[in-house]
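Have a look at entry28.cif below; it lists mmCIF, C-alpha atoms and all ligand atoms.
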data_start
loop_
_atom_site.label_atom_id
_atom_site.label_comp_id
_atom_site.auth_asym_id
_atom_site.auth_seq_id
_atom_site.Cartn_x
_atom_site.Cartn_y
_atom_site.Cartn_z
CA MET G 19 75.17 11.80 30.00
CA ALA G 20 78.37 13.74 29.66
CA THR G 21 76.52 16.72 28.25
CA THR G 22 73.33 16.70 30.31
CA GLY G 23 74.96 15.69 33.59
CA ARG G 24 77.26 18.68 33.72
CA PRO G 25 75.78 21.29 31.40
CA LEU G 26 78.28 24.01 32.32
CA GLY G 27 81.14 21.53 32.15
CA SER G 28 84.54 22.72 33.24
CA GLY G 29 84.76 25.14 30.34
CA ARG G 30 84.36 28.90 30.17
CA LEU G 31 81.43 29.16 32.60
CA GLY G 32 82.25 26.16 34.79
CA GLY G 33 82.34 27.37 38.37
CA PHE G 34 80.18 30.47 37.86
CA GLY G 35 76.85 28.89 38.87
CA THR G 36 74.29 31.24 40.45
CA THR G 37 75.35 34.78 41.38
CA ILE G 38 75.77 35.54 45.05
CA PHE G 39 73.06 38.24 44.73
CA THR G 40 70.48 35.73 43.59
CA GLU G 41 71.52 33.33 46.34
CA MET G 42 71.44 35.93 49.09
CA SER G 43 68.22 37.62 47.92
CA ALA G 44 66.56 34.20 47.87
CA LEU G 45 67.83 33.65 51.42
CA ALA G 46 66.31 37.00 52.44
CA THR G 47 62.95 36.08 50.90
CA ARG G 48 62.99 32.61 52.48
CA THR G 49 63.84 33.83 55.97
CA GLY G 50 62.06 37.19 55.94
CA ALA G 51 65.35 38.86 56.86
CA ILE G 52 66.17 42.47 55.96
CA ASN G 53 68.04 42.36 52.65
CA LEU G 54 71.18 44.49 52.89
CA GLY G 55 72.80 42.13 50.39
CA GLN G 56 71.78 43.17 46.89
CA GLY G 57 72.19 46.81 45.84
CA PHE G 58 68.69 47.85 44.86
CA PRO G 59 66.85 50.77 46.46
CA ASP G 60 63.59 50.12 48.30
CA THR G 61 62.03 53.31 46.98
CA ASP G 62 61.55 54.16 43.31
CA GLY G 63 63.16 57.06 41.50
CA PRO G 64 61.35 60.34 40.73
CA ALA G 65 57.67 60.04 39.79
CA GLU G 66 58.16 62.29 36.77
CA ILE G 67 60.52 59.73 35.20
CA ILE G 68 57.99 56.97 35.79
CA GLU G 69 55.25 59.16 34.31
CA ALA G 70 57.43 59.72 31.24
CA ALA G 71 57.68 55.93 30.78
CA VAL G 72 53.92 55.55 31.22
CA ALA G 73 53.35 58.26 28.62
CA ALA G 74 55.74 56.48 26.24
CA LEU G 75 53.91 53.18 26.75
CA ARG G 76 50.57 54.86 26.02
CA ALA G 77 51.98 56.74 23.05
CA GLY G 78 52.79 53.45 21.37
CA ARG G 79 56.54 53.44 21.78
CA ASN G 80 56.43 49.69 22.16
CA GLN G 81 58.17 48.27 19.11
CA TYR G 82 61.87 47.77 18.39
CA PRO G 83 63.66 51.09 18.82
CA PRO G 84 66.73 51.89 16.68
CA GLY G 85 69.72 49.60 17.37
CA PRO G 86 72.02 52.24 18.85
CA GLY G 87 69.18 53.73 20.93
CA ILE G 88 66.63 56.45 20.19
CA PRO G 89 68.22 59.73 19.05
CA GLU G 90 66.73 61.69 21.93
CA LEU G 91 68.37 59.41 24.52
CA ARG G 92 71.71 59.37 22.71
CA ARG G 93 71.62 63.18 22.68
CA ALA G 94 70.74 63.24 26.38
CA ILE G 95 73.65 60.92 27.20
CA ALA G 96 76.06 63.11 25.22
CA ASP G 97 74.69 66.21 26.98
CA HIS G 98 75.11 64.50 30.36
CA GLN G 99 78.73 63.61 29.62
CA ARG G 100 79.45 67.23 28.63
CA ARG G 101 77.56 68.74 31.57
CA PHE G 102 79.09 66.61 34.32
CA HIS G 103 82.46 65.58 32.91
CA GLY G 104 83.34 67.96 30.06
CA ILE G 105 83.41 65.02 27.61
CA GLU G 106 82.38 65.85 24.01
CA LEU G 107 80.61 63.09 22.11
CA ASP G 108 78.82 62.79 18.80
CA PRO G 109 75.45 61.19 19.63
CA ASP G 110 75.56 59.59 16.18
CA GLY G 111 78.30 56.99 16.49
CA GLU G 112 79.91 57.68 19.84
CA VAL G 113 76.95 56.73 22.04
CA LEU G 114 75.30 53.30 22.29
CA VAL G 115 72.28 52.49 24.45
CA THR G 116 72.49 49.06 26.08
CA THR G 117 70.43 46.79 28.30
CA GLY G 118 71.97 48.04 31.51
CA ALA G 119 75.64 48.45 32.16
CA THR G 120 75.73 44.66 32.40
CA GLU G 121 75.15 44.27 28.67
CA ALA G 122 77.60 47.05 27.83
CA ILE G 123 80.31 45.27 29.86
CA ALA G 124 79.56 41.94 28.20
CA ALA G 125 79.39 43.40 24.71
CA ALA G 126 82.62 45.38 25.19
CA LEU G 127 84.55 42.35 26.39
CA LEU G 128 83.09 40.01 23.75
CA ALA G 129 83.75 42.49 20.97
CA LEU G 130 87.20 43.65 21.97
CA CYS G 131 88.89 40.57 23.44
CA GLU G 132 90.06 37.38 21.74
CA PRO G 133 90.86 34.01 23.29
CA GLY G 134 94.32 34.25 24.81
CA ASP G 135 94.04 37.97 25.56
CA GLU G 136 94.45 39.19 29.11
CA VAL G 137 92.29 41.74 30.88
CA VAL G 138 93.74 43.63 33.83
CA THR G 139 91.15 44.34 36.50
CA PHE G 140 90.94 44.88 40.23
CA GLU G 141 89.79 42.54 42.95
CA PRO G 142 87.38 42.46 44.61
CA TYR G 143 85.59 42.65 41.24
CA TYR G 144 81.95 43.00 40.25
CA ASP G 145 81.10 39.38 39.51
CA SER G 146 79.98 39.85 35.90
CA TYR G 147 83.53 40.90 35.00
CA ALA G 148 84.99 37.48 35.67
CA ALA G 149 82.13 35.75 33.84
CA CYS G 150 82.29 38.03 30.78
CA ILE G 151 86.07 37.85 30.54
CA ALA G 152 85.67 34.07 30.60
CA MET G 153 82.90 34.17 27.96
CA ALA G 154 85.24 36.14 25.72
CA GLY G 155 87.83 33.39 26.15
CA ALA G 156 90.21 35.87 27.77
CA THR G 157 91.97 35.65 31.13
CA ARG G 158 91.72 38.02 34.08
CA ARG G 159 94.88 39.43 35.61
CA LEU G 160 94.02 40.87 38.99
CA VAL G 161 95.37 43.70 41.05
CA THR G 162 94.35 43.16 44.67
CA LEU G 163 92.78 46.00 46.64
CA ARG G 164 93.09 45.59 50.41
CA PRO G 165 91.36 47.32 53.28
CA PRO G 166 91.43 49.69 55.04
CA ASP G 167 91.88 52.08 52.11
CA TYR G 168 91.88 49.70 49.13
CA ALA G 169 94.73 51.70 47.56
CA VAL G 170 96.28 50.60 44.25
CA ASP G 171 99.74 49.08 44.75
CA PRO G 172 101.81 50.49 41.85
CA ASP G 173 104.07 47.41 41.72
CA ALA G 174 101.14 45.01 41.64
CA LEU G 175 99.56 47.12 38.89
CA ALA G 176 102.73 47.07 36.79
CA ALA G 177 103.09 43.31 37.31
CA ALA G 178 99.53 42.67 36.06
CA PHE G 179 100.31 44.03 32.57
CA SER G 180 101.98 41.75 30.02
CA PRO G 181 102.45 41.65 26.25
CA ARG G 182 99.11 39.80 26.12
CA THR G 183 97.15 42.57 27.86
CA ARG G 184 94.33 43.69 25.61
CA ALA G 185 92.29 45.77 28.02
CA VAL G 186 92.13 47.22 31.49
CA LEU G 187 88.68 47.02 33.08
CA LEU G 188 88.10 49.59 35.78
CA ASN G 189 85.17 50.33 38.07
CA THR G 190 85.09 53.66 39.84
CA PRO G 191 83.35 54.43 42.19
CA HIS G 192 84.00 50.80 43.03
CA ASN G 193 81.63 48.03 44.03
CA PRO G 194 82.00 46.31 46.52
CA THR G 195 84.59 48.42 48.37
CA GLY G 196 83.06 51.88 47.98
CA LYS G 197 86.49 53.09 46.88
CA VAL G 198 86.72 56.11 44.56
CA PHE G 199 89.92 55.84 42.53
CA THR G 200 92.06 58.94 43.03
CA ARG G 201 93.31 61.04 40.17
CA ALA G 202 96.85 59.81 40.90
CA GLU G 203 95.78 56.16 40.72
CA LEU G 204 93.90 56.78 37.48
CA GLU G 205 96.91 58.57 36.04
CA LEU G 206 99.03 55.51 36.79
CA ILE G 207 96.51 53.19 35.10
CA ALA G 208 96.33 55.56 32.13
CA GLN G 209 100.10 55.62 31.85
CA HIS G 210 100.24 51.81 31.54
CA ALA G 211 97.38 51.83 29.04
CA ARG G 212 99.04 54.47 26.87
CA GLU G 213 102.52 52.93 26.99
CA ARG G 214 101.24 49.48 26.11
CA ASP G 215 98.54 50.61 23.71
CA VAL G 216 95.81 48.92 25.73
CA ILE G 217 92.05 49.59 25.58
CA ALA G 218 90.33 50.80 28.74
CA ILE G 219 86.81 49.80 29.67
CA THR G 220 85.42 51.78 32.60
CA ASP G 221 82.29 51.02 34.56
CA GLU G 222 81.03 54.24 36.13
CA VAL G 223 77.52 53.26 37.20
CA TYR G 224 78.05 55.00 40.57
CA GLU G 225 79.39 58.19 38.94
CA HIS G 226 76.92 60.37 40.87
CA LEU G 227 77.62 58.73 44.23
CA THR G 228 80.83 60.17 45.65
CA PHE G 229 80.87 61.41 49.23
CA ASP G 230 82.61 64.02 51.39
CA GLY G 231 83.24 66.28 48.41
CA ARG G 232 85.33 63.72 46.50
CA GLU G 233 85.45 64.04 42.72
CA HIS G 234 84.65 61.29 40.26
CA VAL G 235 87.25 61.35 37.50
CA PRO G 236 86.27 59.51 34.31
CA LEU G 237 89.37 57.78 32.94
CA ALA G 238 88.48 59.09 29.49
CA THR G 239 89.21 62.65 30.64
CA LEU G 240 92.91 61.93 31.24
CA PRO G 241 95.41 62.79 28.49
CA GLY G 242 95.54 60.25 25.69
CA MET G 243 92.67 58.22 27.10
CA ALA G 244 89.58 59.45 25.21
CA GLU G 245 90.73 57.62 22.07
CA ARG G 246 91.16 54.27 23.85
CA THR G 247 88.39 54.23 26.45
CA VAL G 248 84.90 52.74 26.39
CA THR G 249 83.00 54.46 29.21
CA ILE G 250 80.02 52.56 30.56
CA SER G 251 77.24 53.79 32.81
CA SER G 252 73.62 53.19 33.55
CA SER G 253 70.41 54.85 34.65
CA GLY G 254 69.70 52.12 37.20
CA LYS G 255 71.64 53.47 40.17
CA THR G 256 71.49 57.19 39.41
CA PHE G 257 67.70 57.25 39.15
CA SER G 258 66.87 54.39 41.54
CA LEU G 259 65.30 52.40 38.71
CA THR G 260 67.49 49.31 38.68
CA GLY G 261 64.84 47.12 37.05
CA TRP G 262 64.63 49.20 33.88
CA LYS G 263 68.04 48.17 32.61
CA ILE G 264 68.86 51.17 30.45
CA GLY G 265 72.62 51.63 30.23
CA TRP G 266 75.10 53.00 27.73
CA ALA G 267 78.59 52.78 26.33
CA THR G 268 80.34 55.86 24.98
CA GLY G 269 83.71 56.49 23.40
CA PRO G 270 85.49 56.69 20.08
CA ARG G 271 83.46 55.68 17.04
CA ALA G 272 85.46 52.53 16.19
CA LEU G 273 85.24 51.12 19.71
CA VAL G 274 81.54 51.94 20.08
CA ALA G 275 80.86 50.34 16.68
CA ALA G 276 82.62 47.18 17.88
CA VAL G 277 80.54 47.11 21.06
CA GLN G 278 77.40 47.62 18.99
CA THR G 279 78.31 44.66 16.80
CA ALA G 280 78.26 42.40 19.87
CA LYS G 281 75.22 44.14 21.38
CA GLN G 282 73.05 43.55 18.34
CA PHE G 283 73.43 39.78 18.78
CA LEU G 284 72.94 39.84 22.55
CA THR G 285 69.71 41.82 22.87
CA TYR G 286 69.43 43.58 19.48
CA VAL G 287 67.79 46.65 21.08
CA SER G 288 66.91 47.84 24.59
CA GLY G 289 63.64 48.75 26.41
CA ALA G 290 61.77 51.05 24.00
CA PRO G 291 59.42 52.91 26.40
CA PHE G 292 62.13 53.42 29.00
CA GLN G 293 64.44 55.22 26.63
CA PRO G 294 62.46 58.49 26.33
CA ALA G 295 61.92 58.41 30.10
CA ILE G 296 65.65 58.17 30.77
CA ALA G 297 66.31 60.91 28.21
CA HIS G 298 64.05 63.05 30.39
CA ALA G 299 65.80 61.88 33.57
CA LEU G 300 69.28 62.78 32.35
CA GLY G 301 68.08 66.34 31.86
CA LEU G 302 66.89 66.79 35.46
CA PRO G 303 68.35 69.85 37.17
CA ASP G 304 71.56 69.69 39.21
CA ALA G 305 69.45 69.79 42.39
CA TYR G 306 68.22 66.24 41.69
CA PHE G 307 71.73 64.80 41.39
CA GLU G 308 72.92 66.72 44.46
CA SER G 309 70.04 65.64 46.67
CA PHE G 310 70.43 62.03 45.50
CA ARG G 311 74.11 62.13 46.47
CA ALA G 312 73.48 63.83 49.79
CA GLY G 313 70.69 61.38 50.61
CA LEU G 314 72.95 58.36 50.06
CA GLU G 315 75.79 60.00 51.99
CA ALA G 316 73.48 60.38 55.00
CA LYS G 317 72.43 56.74 54.65
CA ARG G 318 76.07 55.72 54.53
CA ASP G 319 76.65 57.51 57.83
CA ARG G 320 73.57 55.94 59.34
CA LEU G 321 74.50 52.37 58.45
CA CYS G 322 78.21 52.82 59.27
CA ALA G 323 77.26 54.00 62.76
CA GLY G 324 75.04 50.95 63.20
CA LEU G 325 77.71 48.54 61.99
CA GLU G 326 80.31 50.10 64.28
CA ALA G 327 77.94 49.83 67.21
CA ALA G 328 77.46 46.16 66.32
CA GLY G 329 81.19 45.66 66.80
CA LEU G 330 82.32 45.30 63.19
CA GLU G 331 85.36 47.06 61.77
CA VAL G 332 83.92 49.45 59.19
CA PHE G 333 85.78 50.67 56.10
CA ARG G 334 83.94 53.89 55.46
CA PRO G 335 83.15 54.07 51.74
CA ALA G 336 84.00 57.13 49.64
CA GLY G 337 81.19 56.35 47.18
CA THR G 338 78.57 53.84 45.89
CA TYR G 339 75.76 52.05 47.70
CA PHE G 340 78.01 49.78 49.76
CA VAL G 341 80.13 49.50 52.87
CA THR G 342 82.55 46.68 53.60
CA THR G 343 83.33 45.48 57.09
CA ASP G 344 85.75 43.08 58.78
CA ILE G 345 84.06 40.60 61.13
CA ARG G 346 87.20 39.68 63.09
CA PRO G 347 86.46 42.04 66.01
CA LEU G 348 83.49 39.72 66.66
CA GLY G 349 85.90 36.82 67.04
CA GLU G 350 84.99 35.31 63.66
CA ASP G 351 86.88 35.20 60.40
CA ASP G 352 84.78 33.33 57.82
CA GLY G 353 82.63 35.91 56.06
CA HIS G 354 80.79 33.32 53.97
CA ALA G 355 79.74 31.27 56.98
CA PHE G 356 78.86 34.49 58.80
CA CYS G 357 76.54 35.60 55.96
CA LEU G 358 74.85 32.20 55.70
CA ALA G 359 74.12 32.28 59.43
CA LEU G 360 73.22 35.98 59.69
CA PRO G 361 69.50 35.72 58.74
CA GLU G 362 69.01 33.21 61.54
CA ARG G 363 71.21 35.03 64.05
CA ALA G 364 70.13 38.59 63.38
CA GLY G 365 67.45 38.67 60.68
CA VAL G 366 69.73 40.48 58.21
CA VAL G 367 71.22 39.44 54.86
CA ALA G 368 74.66 40.65 53.73
CA VAL G 369 77.10 39.52 51.06
CA PRO G 370 80.47 37.84 51.71
CA THR G 371 83.08 39.92 49.89
CA VAL G 372 85.25 36.81 49.46
CA VAL G 373 83.20 35.81 46.41
CA PHE G 374 84.62 38.84 44.59
CA TYR G 375 88.23 37.90 45.34
CA ASP G 376 90.41 35.24 43.74
CA ASP G 377 92.79 35.79 46.65
CA LYS G 378 90.48 34.17 49.19
CA ALA G 379 92.75 34.94 52.14
CA VAL G 380 92.27 38.69 51.65
CA GLY G 381 88.50 38.49 51.20
CA ARG G 382 87.72 35.84 53.84
CA PRO G 383 86.79 38.06 56.82
CA LEU G 384 85.08 40.80 54.77
CA VAL G 385 81.34 41.33 54.51
CA ARG G 386 79.47 43.88 52.39
CA PHE G 387 76.26 45.68 53.38
CA THR G 388 74.20 48.04 51.23
CA PHE G 389 72.71 51.27 52.55
CA CYS G 390 70.40 52.12 49.62
CA LYS G 391 67.39 51.43 51.84
CA ARG G 392 64.84 53.55 53.72
CA ASP G 393 66.13 55.02 56.99
CA GLU G 394 63.73 52.94 59.06
CA VAL G 395 64.98 49.76 57.37
CA ILE G 396 68.61 50.72 58.07
CA ASP G 397 67.71 51.49 61.70
CA GLU G 398 65.88 48.21 62.15
CA ALA G 399 68.81 46.29 60.62
CA ALA G 400 71.23 48.15 62.91
CA SER G 401 69.21 47.34 65.99
CA ARG G 402 69.06 43.66 65.00
CA LEU G 403 72.82 43.59 64.34
CA ALA G 404 73.49 45.19 67.73
CA GLY G 405 72.80 41.77 69.24
CA LEU G 406 75.89 40.30 67.55
CA ARG G 407 78.21 41.88 70.08
CA GLY G 408 76.86 39.81 72.91
C1 LIG T 1 79.80 47.96 39.38
C2 LIG T 1 78.52 47.62 38.72
N1 LIG T 1 78.46 47.56 37.39
C3 LIG T 1 77.33 47.25 36.74
C4 LIG T 1 76.17 46.99 37.44
C5 LIG T 1 74.93 46.61 36.69
O1 LIG T 1 74.32 47.70 36.14
P1 LIG T 1 72.95 47.53 35.32
O2 LIG T 1 71.89 47.16 36.30
O3 LIG T 1 72.76 48.84 34.67
O4 LIG T 1 73.18 46.44 34.33
C6 LIG T 1 76.18 47.04 38.83
C7 LIG T 1 74.96 46.72 39.59
O5 LIG T 1 75.00 46.39 40.75
C8 LIG T 1 77.37 47.37 39.48
O6 LIG T 1 77.44 47.43 40.82
#
If you convert what's in this file into structure tokens, what do you get?
Amino acid sequence: MATTGRPLGSGRLGGFGTTIFTEMSALATRTGAINLGQGFPDTDGPAEIIEAAVAALRAGRNQYPPGPGIPELRRAIADHQRRFHGIELDPDGEVLVTTGATEAIAAALLALCEPGDEVVTFEPYYDSYAACIAMAGATRRLVTLRPPDYAVDPDALAAAFSPRTRAVLLNTPHNPTGKVFTRAELELIAQHARERDVIAITDEVYEHLTFDGREHVPLATLPGMAERTVTISSSGKTFSLTGWKIGWATGPRALVAAVQTAKQFLTYVSGAPFQPAIAHALGLPDAYFESFRAGLEAKRDRLCAGLEAAGLEVFRPAGTYFVTTDIRPLGEDDGHAFCLALPERAGVVAVPTVVFYDDKAVGRPLVRFTFCKRDEVIDEAASRLAGLRG
């Protein structure tokens, strides 16, 4: 009974259970509430990308593609990194196609970390980070980001590093806060990484979603960082095709080879017919990326206005799909209880930010909403939430 009664045990994955996104999306389905919990768009990406996948399916591109990804996609990823970030990569050896950013994160941590190693990361954290650090047998060392601006505290950052630090895991633009790390903050992180000879793993899936003219700075572009950074991104968010799960890891040959070693035993290869379609997508003109960004910026404004009108304190995001709020102006302070009751009270689903914090006191009153939805859905959610004030 010991093994079947508690299959996850108290070991590496004990306590991880079902992700909050699954739980909250199921709640939305069950109650018919508007789902502003999970970050997936309710309209598909450009038809021409979908047509490219259909053509690939019909052209028989349905068997195992090459392990590192098809050459045309690896070239397109390298071209994208040069075009938008000035990063030079050899598509043969410095680019790996993965099953979403999720697999790239898992493979990087499993390949690069050993039991006993420490990984410095920031809370609130994307939930797969904690699980993958645990699967690698490593330990997370957290730097807490606090509203309203979620700035990096230099002392807390310094204190998180130790002789056991193997890697720093960074997400910018940052889910769930919507923070875009500033160049100065990144420089500070880079300085610690260089001085302590630590690997950096950066998750940049929202690289094309920065607002109000802010720049996205890939950590790999800072001095001394290209040789120690695995940069991860994905087509899911940028092309509103989150179900396709085509992501990538790029960086120096030795690090990418290590990630590929883990990747080949996780999924072996990734979505054959989607790869040529994403190669096409990455080559879309600048106008696509600009209108995508501007469209999400307008949606941010739309939802923020609605949340403010509903009486929540809104921390206006600088990037991503998400906005975090503080529910205390409504006279409540338990974000988890608030989110469980919200479908019934207002017909809306949101995510309690506390699940992304180890420091529960900081996260307790915070609630995250996504604005990657059609305008009419955002407006309907806002009008339902307006009733909370009363
Ligand atoms: C910060 C972050 N990283 C990674 C992912 C997952 O990306 P993918 O769907 O490409 O695996 C997400 C999705 O929500 C995310 O928010």
Worksheet item: What is the atom CA of G:Leu204 to atom CA of G:Arg246 distance in Å?
Response: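 Value for the atom CA of G:Leu204-atom CA of G:Arg246 distance: 14.1 Å.
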Would you mind listing what lies within 10 Å of G:His192 as a CSV table (one decimal) with C-alpha atoms, in the frame of the given file, with only C-alpha atoms counted and same-chain residues fewer than 3 positions away left out?
chain,number,residue,atom,x,y,z
G,140,PHE,CA,90.9,44.9,40.2
G,142,PRO,CA,87.4,42.5,44.6
G,143,TYR,CA,85.6,42.6,41.2
G,144,TYR,CA,82.0,43.0,40.2
G,188,LEU,CA,88.1,49.6,35.8
G,189,ASN,CA,85.2,50.3,38.1
G,195,THR,CA,84.6,48.4,48.4
G,196,GLY,CA,83.1,51.9,48.0
G,197,LYS,CA,86.5,53.1,46.9
G,198,VAL,CA,86.7,56.1,44.6
G,199,PHE,CA,89.9,55.8,42.5
G,221,ASP,CA,82.3,51.0,34.6
G,222,GLU,CA,81.0,54.2,36.1
G,223,VAL,CA,77.5,53.3,37.2
G,224,TYR,CA,78.0,55.0,40.6
G,225,GLU,CA,79.4,58.2,38.9
G,335,PRO,CA,83.2,54.1,51.7
G,336,ALA,CA,84.0,57.1,49.6
G,337,GLY,CA,81.2,56.4,47.2
G,338,THR,CA,78.6,53.8,45.9
G,339,TYR,CA,75.8,52.0,47.7
G,340,PHE,CA,78.0,49.8,49.8
Counting only C-alpha atoms, what is within 10 Å of G:Glu66, bar same-chain residues fewer than 2 positions away, as a PDB file with C-alpha atoms, keeping the file's coordinate frame?
ATOM      1  CA  GLY G  63      63.160  57.060  41.500  1.00  0.00           C
ATOM      2  CA  PRO G  64      61.350  60.340  40.730  1.00  0.00           C
ATOM      3  CA  ILE G  68      57.990  56.970  35.790  1.00  0.00           C
ATOM      4  CA  GLU G  69      55.250  59.160  34.310  1.00  0.00           C
ATOM      5  CA  ALA G  70      57.430  59.720  31.240  1.00  0.00           C
ATOM      6  CA  ALA G  71      57.680  55.930  30.780  1.00  0.00           C
ATOM      7  CA  VAL G  72      53.920  55.550  31.220  1.00  0.00           C
ATOM      8  CA  ALA G 295      61.920  58.410  30.100  1.00  0.00           C
ATOM      9  CA  HIS G 298      64.050  63.050  30.390  1.00  0.00           C
ATOM     10  CA  ALA G 299      65.800  61.880  33.570  1.00  0.00           C
ATOM     11  CA  LEU G 302      66.890  66.790  35.460  1.00  0.00           C
TER      12      LEU G 302
END
Worksheet item: So how far away is atom CA of G:Glu233 from atom CA of G:Glu213, in Å?
Response: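 A separation of 25.7 Å between them.
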Worksheet item: By how many Å are atom CA of G:Gly265 and atom CA of G:Leu227 apart?
Response: 16.5 Å
Please, which residues in chain G fall within 7 Å of ligand LIG 1 (chain T) when counting all atoms listed in the file, and what is the closest atom pair and distance in Å to one decimal for each, ordered by chain then residue number, as a Markdown table?
| residue | atom | partner | partner_atom | distance |
| --- | --- | --- | --- | --- |
| G:Gly57 | CA | T:LIG1 | O5 | 5.8 |
| G:Thr117 | CA | T:LIG1 | O4 | 6.6 |
| G:Gly118 | CA | T:LIG1 | O3 | 3.4 |
| G:Ala119 | CA | T:LIG1 | O3 | 3.8 |
| G:Thr120 | CA | T:LIG1 | O4 | 3.7 |
| G:Glu121 | CA | T:LIG1 | O4 | 6.4 |
| G:Tyr144 | CA | T:LIG1 | C1 | 5.5 |
| G:Asn189 | CA | T:LIG1 | C1 | 6.0 |
| G:His192 | CA | T:LIG1 | C1 | 6.2 |
| G:Asn193 | CA | T:LIG1 | C1 | 5.0 |
| G:Asp221 | CA | T:LIG1 | N1 | 5.9 |
| G:Val223 | CA | T:LIG1 | N1 | 5.8 |
| G:Ser251 | CA | T:LIG1 | O3 | 6.9 |
| G:Ser252 | CA | T:LIG1 | O3 | 4.6 |
| G:Ser253 | CA | T:LIG1 | O3 | 6.5 |
| G:Gly254 | CA | T:LIG1 | O3 | 5.2 |
| G:Thr260 | CA | T:LIG1 | O2 | 5.4 |
| G:Lys263 | CA | T:LIG1 | O3 | 5.2 |
| G:Ile264 | CA | T:LIG1 | O3 | 6.2 |
| G:Gly265 | CA | T:LIG1 | O3 | 5.2 |
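The residue that comes closest to G:Thr388, out of G:Gly78, G:Pro59, G:Gly85, G:Gly50 and on the basis of all atoms listed in the file, is G:Pro59.
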At a cut-off of 12 Å, using all atoms listed in the file, what residues contact G:Phe283? Leave out same-chain residues fewer than 6 positions from it and give the result as a CSV table (one decimal) with C-alpha atoms, keeping the file's coordinate frame.
chain,number,residue,atom,x,y,z
G,85,GLY,CA,69.7,49.6,17.4
G,116,THR,CA,72.5,49.1,26.1
G,121,GLU,CA,75.2,44.3,28.7
G,124,ALA,CA,79.6,41.9,28.2
G,125,ALA,CA,79.4,43.4,24.7
G,128,LEU,CA,83.1,40.0,23.8
G,129,ALA,CA,83.8,42.5,21.0
G,276,ALA,CA,82.6,47.2,17.9
G,277,VAL,CA,80.5,47.1,21.1
Write out as a PDB file with C-alpha atoms, in the frame of the given file the residues lying within 8 Å of stretch 151-166 of chain G, counting only C-alpha atoms and excluding same-chain residues fewer than 5 positions away.
ATOM      1  CA  ARG G  30      84.360  28.900  30.170  1.00  0.00           C
ATOM      2  CA  LEU G  31      81.430  29.160  32.600  1.00  0.00           C
ATOM      3  CA  LEU G 127      84.550  42.350  26.390  1.00  0.00           C
ATOM      4  CA  LEU G 128      83.090  40.010  23.750  1.00  0.00           C
ATOM      5  CA  CYS G 131      88.890  40.570  23.440  1.00  0.00           C
ATOM      6  CA  GLU G 132      90.060  37.380  21.740  1.00  0.00           C
ATOM      7  CA  PRO G 133      90.860  34.010  23.290  1.00  0.00           C
ATOM      8  CA  GLY G 134      94.320  34.250  24.810  1.00  0.00           C
ATOM      9  CA  ASP G 135      94.040  37.970  25.560  1.00  0.00           C
ATOM     10  CA  GLU G 136      94.450  39.190  29.110  1.00  0.00           C
ATOM     11  CA  VAL G 137      92.290  41.740  30.880  1.00  0.00           C
ATOM     12  CA  VAL G 138      93.740  43.630  33.830  1.00  0.00           C
ATOM     13  CA  THR G 139      91.150  44.340  36.500  1.00  0.00           C
ATOM     14  CA  PHE G 140      90.940  44.880  40.230  1.00  0.00           C
ATOM     15  CA  GLU G 141      89.790  42.540  42.950  1.00  0.00           C
ATOM     16  CA  PRO G 142      87.380  42.460  44.610  1.00  0.00           C
ATOM     17  CA  ASP G 171      99.740  49.080  44.750  1.00  0.00           C
ATOM     18  CA  ALA G 174     101.140  45.010  41.640  1.00  0.00           C
ATOM     19  CA  LEU G 175      99.560  47.120  38.890  1.00  0.00           C
ATOM     20  CA  ALA G 178      99.530  42.670  36.060  1.00  0.00           C
ATOM     21  CA  PHE G 179     100.310  44.030  32.570  1.00  0.00           C
ATOM     22  CA  PHE G 333      85.780  50.670  56.100  1.00  0.00           C
ATOM     23  CA  ASP G 377      92.790  35.790  46.650  1.00  0.00           C
ATOM     24  CA  VAL G 380      92.270  38.690  51.650  1.00  0.00           C
TER      25      VAL G 380
END
Worksheet item: What's the 10 Å shell around G:Arg363, counting only C-alpha atoms, without same-chain residues fewer than 5 positions away, as a list in words?
Response: Phe356, Cys357, Leu358, Arg402, Leu403, Gly405 and Leu406 of chain G
Written file, previous selection with C-alpha atoms, as an mmCIF file, keeping the file's coordinate frame:
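And here's selection-v8.cif as it stands now:
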data_model
loop_
_atom_site.group_PDB
_atom_site.id
_atom_site.type_symbol
_atom_site.label_atom_id
_atom_site.label_comp_id
_atom_site.auth_asym_id
_atom_site.auth_seq_id
_atom_site.Cartn_x
_atom_site.Cartn_y
_atom_site.Cartn_z
ATOM 1 C CA PHE G 356 78.860 34.490 58.800
ATOM 2 C CA CYS G 357 76.540 35.600 55.960
ATOM 3 C CA LEU G 358 74.850 32.200 55.700
ATOM 4 C CA ARG G 402 69.060 43.660 65.000
ATOM 5 C CA LEU G 403 72.820 43.590 64.340
ATOM 6 C CA GLY G 405 72.800 41.770 69.240
ATOM 7 C CA LEU G 406 75.890 40.300 67.550
#
Practice prompt. For each of G:Leu75, G:Leu284, G:Ala185, G:Ala368, take the minimum atom-to-atom distance to G:Ala44, counting all atoms listed in the file, then give the residue where this is smallest.
Written response: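 Distance minimum relative to G:Ala44 lands on G:Ala368.
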Could you give me the axis-aligned bounding box of stretch 56-61 of chain G, with 6 Å of padding per side, as centre plus edge lengths in Å to one decimal, as JSON?
{"center_x": 67.1, "center_y": 48.2, "center_z": 46.6, "size_x": 22.2, "size_y": 22.1, "size_z": 15.4}
Could I get the residues of stretch 364-385 of chain G with an atom no further than 12 Å from an atom of stretch 314-330 of chain G, each paired with its nearest atom pair and that distance in Å to one decimal, using only C-alpha atoms, sorted by chain and residue number, as CSV?
residue,atom,partner,partner_atom,distance
G:Ala364,CA,G:Ala328,CA,10.9
G:Val366,CA,G:Leu325,CA,12.0
G:Ala368,CA,G:Leu325,CA,11.8
G:Pro383,CA,G:Leu330,CA,10.6
G:Leu384,CA,G:Leu330,CA,9.9
G:Val385,CA,G:Leu330,CA,9.6
